[in-house]
$ cat data_18.cif   # mmCIF, C-alpha atoms and all ligand atoms
data_data
loop_
_atom_site.label_atom_id
_atom_site.label_comp_id
_atom_site.auth_asym_id
_atom_site.auth_seq_id
_atom_site.Cartn_x
_atom_site.Cartn_y
_atom_site.Cartn_z
CA MET A 1 23.99 15.10 -11.37
CA LEU A 2 25.38 17.20 -8.49
CA VAL A 3 29.06 17.01 -7.54
CA GLU A 4 28.17 15.51 -4.13
CA GLU A 5 26.04 12.86 -5.81
CA LYS A 6 28.89 12.01 -8.15
CA THR A 7 31.33 11.76 -5.26
CA SER A 8 29.11 9.47 -3.24
CA LEU A 9 28.36 7.30 -6.29
CA ALA A 10 32.08 7.09 -7.08
CA GLU A 11 32.78 6.00 -3.48
CA GLU A 12 30.02 3.46 -3.64
CA ILE A 13 31.39 1.98 -6.86
CA GLU A 14 34.87 1.91 -5.41
CA SER A 15 33.70 -0.09 -2.42
CA LEU A 16 31.74 -2.46 -4.69
CA VAL A 17 34.88 -3.01 -6.74
CA LYS A 18 36.76 -3.77 -3.51
CA ALA A 19 34.11 -6.31 -2.58
CA HIS A 20 33.72 -7.97 -6.00
CA GLY A 21 37.16 -7.49 -7.52
CA ASN A 22 38.09 -5.56 -10.63
CA ASN A 23 37.87 -8.17 -13.32
CA ARG A 24 35.17 -8.53 -15.90
CA SER A 25 33.19 -11.11 -13.90
CA ALA A 26 32.50 -8.42 -11.30
CA LEU A 27 30.54 -6.36 -13.82
CA LEU A 28 27.12 -7.98 -13.41
CA PRO A 29 27.13 -8.13 -9.58
CA ILE A 30 28.21 -4.48 -9.44
CA LEU A 31 25.52 -3.42 -11.92
CA HIS A 32 22.96 -5.36 -9.89
CA LYS A 33 23.85 -3.54 -6.68
CA ILE A 34 23.76 -0.10 -8.30
CA GLN A 35 20.46 -0.90 -10.01
CA LYS A 36 18.96 -2.15 -6.75
CA LYS A 37 19.92 0.93 -4.80
CA HIS A 38 19.38 3.67 -7.42
CA ARG A 39 16.82 1.94 -9.68
CA TYR A 40 19.01 2.76 -12.69
CA ILE A 41 22.63 2.98 -13.72
CA SER A 42 23.50 6.50 -14.79
CA ASP A 43 26.01 7.41 -17.51
CA TYR A 44 28.38 8.56 -14.81
CA ALA A 45 28.07 5.26 -12.92
CA GLN A 46 28.69 3.38 -16.17
CA GLN A 47 31.87 5.36 -16.81
CA GLU A 48 33.14 4.82 -13.28
CA ILE A 49 32.46 1.08 -13.40
CA ALA A 50 34.18 0.85 -16.81
CA ARG A 51 37.20 2.75 -15.47
CA HIS A 52 37.59 0.46 -12.47
CA LEU A 53 37.17 -2.72 -14.49
CA LYS A 54 39.37 -1.38 -17.29
CA ILE A 55 36.76 -1.99 -19.96
CA HIS A 56 35.11 0.37 -22.44
CA PRO A 57 31.93 2.18 -21.25
CA VAL A 58 30.22 0.88 -24.40
CA GLU A 59 30.65 -2.63 -23.04
CA VAL A 60 29.00 -1.67 -19.77
CA HIS A 61 26.17 -0.03 -21.67
CA SER A 62 25.61 -3.05 -23.89
CA VAL A 63 25.34 -5.35 -20.86
CA ILE A 64 22.73 -2.99 -19.36
CA SER A 65 20.81 -2.95 -22.65
CA PHE A 66 20.86 -6.74 -22.86
CA TYR A 67 19.22 -7.40 -19.50
CA ALA A 68 15.63 -6.20 -19.04
CA PHE A 69 16.15 -5.80 -15.28
CA LEU A 70 18.97 -3.29 -15.73
CA ASN A 71 18.14 0.29 -16.72
CA SER A 72 20.26 3.16 -17.89
CA LYS A 73 17.46 5.68 -17.37
CA PRO A 74 15.39 6.30 -14.25
CA LYS A 75 12.12 4.39 -14.29
CA GLY A 76 8.85 4.71 -12.47
CA ARG A 77 8.10 3.08 -9.13
CA ASN A 78 5.81 0.59 -10.88
CA ILE A 79 6.68 -1.17 -14.10
CA VAL A 80 3.79 -2.18 -16.37
CA ARG A 81 4.69 -4.64 -19.11
CA ILE A 82 2.23 -5.32 -21.90
CA CYS A 83 2.71 -8.56 -23.80
CA ARG A 84 3.18 -7.84 -27.48
CA THR A 85 3.52 -11.40 -28.72
CA ILE A 86 1.15 -13.06 -31.18
CA SER A 87 -1.60 -14.54 -28.95
CA CYS A 88 -2.00 -11.31 -27.03
CA LYS A 89 -1.90 -9.33 -30.25
CA MET A 90 -4.74 -11.42 -31.67
CA LYS A 91 -6.77 -11.13 -28.47
CA GLY A 92 -6.82 -7.34 -28.25
CA LYS A 93 -3.48 -6.13 -26.95
CA VAL A 94 -3.72 -2.99 -29.09
CA ALA A 95 -6.94 -1.82 -27.41
CA ILE A 96 -5.37 -2.38 -24.00
CA GLU A 97 -2.24 -0.54 -24.98
CA LYS A 98 -4.26 2.42 -26.27
CA ALA A 99 -6.38 2.55 -23.11
CA ILE A 100 -3.29 2.53 -20.89
CA GLU A 101 -1.58 5.21 -22.96
CA ARG A 102 -4.68 7.37 -22.75
CA GLU A 103 -5.15 6.80 -19.02
CA LEU A 104 -1.54 7.59 -18.10
CA GLY A 105 -0.91 10.21 -20.78
CA ILE A 106 2.29 8.54 -21.98
CA LYS A 107 3.45 6.27 -24.77
CA ILE A 108 4.83 2.77 -24.35
CA GLY A 109 8.45 3.07 -23.24
CA GLU A 110 7.79 6.24 -21.24
CA THR A 111 7.45 7.12 -17.57
CA THR A 112 4.71 9.25 -16.07
CA LYS A 113 5.73 12.69 -14.80
CA ASP A 114 5.04 11.70 -11.20
CA ASN A 115 7.32 8.65 -11.65
CA LYS A 116 4.52 6.35 -10.63
CA PHE A 117 4.50 4.21 -13.79
CA THR A 118 6.78 3.13 -16.56
CA VAL A 119 5.05 1.20 -19.35
CA GLU A 120 6.98 -1.18 -21.55
CA TYR A 121 6.43 -4.06 -23.91
CA ALA A 122 7.19 -7.60 -22.88
CA ASN A 123 7.49 -10.70 -24.97
CA CYS A 124 5.25 -13.69 -24.27
CA LEU A 125 4.54 -13.96 -20.55
CA GLY A 126 3.76 -17.66 -20.93
CA LEU A 127 0.00 -17.29 -20.44
CA CYS A 128 -1.14 -17.27 -24.07
CA ASP A 129 -4.20 -19.43 -23.31
CA VAL A 130 -5.55 -16.62 -21.16
CA ALA A 131 -4.36 -13.76 -23.36
CA PRO A 132 -4.15 -10.82 -23.44
CA ALA A 133 -1.75 -10.49 -20.54
CA MET A 134 0.28 -7.82 -18.83
CA SER A 135 2.28 -7.54 -15.66
CA ILE A 136 2.45 -4.84 -13.04
CA ASN A 137 5.70 -5.30 -11.18
CA ASP A 138 5.89 -9.02 -10.29
CA GLN A 139 2.20 -9.77 -10.71
CA VAL A 140 0.80 -11.02 -14.02
CA TYR A 141 -2.80 -10.33 -15.08
CA THR A 142 -4.65 -12.20 -17.80
CA SER A 143 -7.85 -12.20 -19.88
CA LEU A 144 -7.61 -8.43 -19.94
CA THR A 145 -10.03 -5.96 -21.36
CA PRO A 146 -9.18 -2.27 -21.61
CA GLU A 147 -11.51 -1.61 -18.62
CA LYS A 148 -9.88 -4.32 -16.51
CA ALA A 149 -6.41 -3.02 -17.35
CA ILE A 150 -7.33 0.52 -16.30
CA HIS A 151 -8.99 -0.75 -13.15
CA LEU A 152 -5.78 -2.61 -12.24
CA LEU A 153 -3.76 0.57 -12.71
CA THR A 154 -6.04 2.48 -10.38
CA GLN A 155 -5.40 -0.15 -7.68
CA VAL A 156 -1.66 0.53 -7.70
CA LYS A 157 -0.42 2.81 -4.96
S1 LIG A 201 1.58 -14.15 -26.31
FE1 LIG A 201 1.08 -12.92 -24.61
S2 LIG A 201 1.28 -14.29 -22.96
FE2 LIG A 201 1.96 -15.44 -24.65
#
$ encode --input "data_18.cif" --output "structure tokens"
Amino acid sequence: MLVEEKTSLAEEIESLVKAHGNNRSALLPILHKIQKKHRYISDYAQQEIARHLKIHPVEVHSVISFYAFLNSKPKGRNIVRICRTISCKMKGKVAIEKAIERELGIKIGETTKDNKFTVEYANCLGLCDVAPAMSINDQVYTSLTPEKAIHLLTQVK
């Protein structure tokens, strides 16, 4: 991270702390704002937030790890989540996963080089009766086949 980037991030965090206060309850709202703007919360941002709130950086990191919508690493512009729970597993999730990995040239948990996609696992998406399911950003797709899953990926800008 460049010095200028660090300075502007530090200023941003300082103004968020001014707006939300510097006690522990400010942690989640501050993380939310940083995540929203930068799409992840860098190690440097975590240290700065911890310093302002007078908590250990490990605590900040564990909150980020707990919530799926907070990331400590940069992610792709589109998040694909493949359901790995039992109904989807029994209905062919592995074939879908393999097809997606092959199509994008990455493994689950990784981001494509062009930052277009990050692929992750999800737990039950609540649509077991029409398994297998996956989501692309906020949209959930069901009754997938490997072909349908790949077709959906090609529709994403
Ligand atoms: S197990 Fe996949 S949607 Fe429920």
$ residues_around --input "data_18.cif" --residues "Lys54 of chain A" --least-positions-apart "2" --cutoff "9 Å" --atoms "only C-alpha atoms" --output "mmCIF file with C-alpha atoms, in the frame of the given file"
data_model
loop_
_atom_site.group_PDB
_atom_site.id
_atom_site.type_symbol
_atom_site.label_atom_id
_atom_site.label_comp_id
_atom_site.auth_asym_id
_atom_site.auth_seq_id
_atom_site.Cartn_x
_atom_site.Cartn_y
_atom_site.Cartn_z
ATOM 1 C CA ASN A 22 38.090 -5.560 -10.630
ATOM 2 C CA ASN A 23 37.870 -8.170 -13.320
ATOM 3 C CA ARG A 24 35.170 -8.530 -15.900
ATOM 4 C CA ILE A 49 32.460 1.080 -13.400
ATOM 5 C CA ALA A 50 34.180 0.850 -16.810
ATOM 6 C CA ARG A 51 37.200 2.750 -15.470
ATOM 7 C CA HIS A 52 37.590 0.460 -12.470
ATOM 8 C CA HIS A 56 35.110 0.370 -22.440
#
$ closest_atom_pairs --input "data_18.cif" --of "chain A" --to "ligand LIG 201 (chain A)" --cutoff "8 Å" --atoms "only C-alpha atoms and all ligand atoms" --output "Markdown table"
| residue | atom | partner | partner_atom | distance |
| --- | --- | --- | --- | --- |
| A:Cys83 | CA | A:LIG201 | FE1 | 4.7 |
| A:Arg84 | CA | A:LIG201 | FE1 | 6.2 |
| A:Thr85 | CA | A:LIG201 | S1 | 4.1 |
| A:Ile86 | CA | A:LIG201 | S1 | 5.0 |
| A:Ser87 | CA | A:LIG201 | S1 | 4.2 |
| A:Cys88 | CA | A:LIG201 | FE1 | 4.2 |
| A:Lys89 | CA | A:LIG201 | S1 | 7.1 |
| A:Asn123 | CA | A:LIG201 | FE1 | 6.8 |
| A:Cys124 | CA | A:LIG201 | FE2 | 3.7 |
| A:Leu125 | CA | A:LIG201 | S2 | 4.1 |
| A:Gly126 | CA | A:LIG201 | S2 | 4.7 |
| A:Leu127 | CA | A:LIG201 | S2 | 4.1 |
| A:Cys128 | CA | A:LIG201 | FE2 | 3.6 |
| A:Asp129 | CA | A:LIG201 | FE2 | 7.5 |
| A:Val130 | CA | A:LIG201 | S2 | 7.4 |
| A:Ala131 | CA | A:LIG201 | FE1 | 5.6 |
| A:Pro132 | CA | A:LIG201 | FE1 | 5.8 |
| A:Ala133 | CA | A:LIG201 | S2 | 5.4 |
| A:Met134 | CA | A:LIG201 | S2 | 7.7 |
$ closest_residue --input "data_18.cif" --among "A:Ala10, A:Ile108, A:Ile96, A:Ala45" --to "Thr142 of chain A" --atoms "all atoms listed in the file"
A:Ile96
$ residues_around --input "data_18.cif" --residues "His151 of chain A" --least-positions-apart "4" --cutoff "12 Å" --atoms "all atoms listed in the file" --output "PyMOL selection string"
chain A and resi 96+99-100+103+141+144-147+155-156
$ atom_distance --input "data_18.cif" --atom1 "atom CA of Tyr40 of chain A" --atom2 "atom CA of Ser72 of chain A"
5.4 Å
$ closest_residue --input "data_18.cif" --among "A:Ser25, A:Ala95, A:Lys36, A:Ser143" --to "Val60 of chain A" --atoms "all atoms listed in the file"
A:Ser25
$ closest_residue --input "data_18.cif" --among "A:Ala149, A:Val63, A:Ala68, A:Leu27" --to "Glu97 of chain A" --atoms "all atoms listed in the file"
A:Ala149
$ atom_distance --input "data_18.cif" --atom1 "atom CA of Asp138 of chain A" --atom2 "atom CA of Leu9 of chain A"
28.1 Å
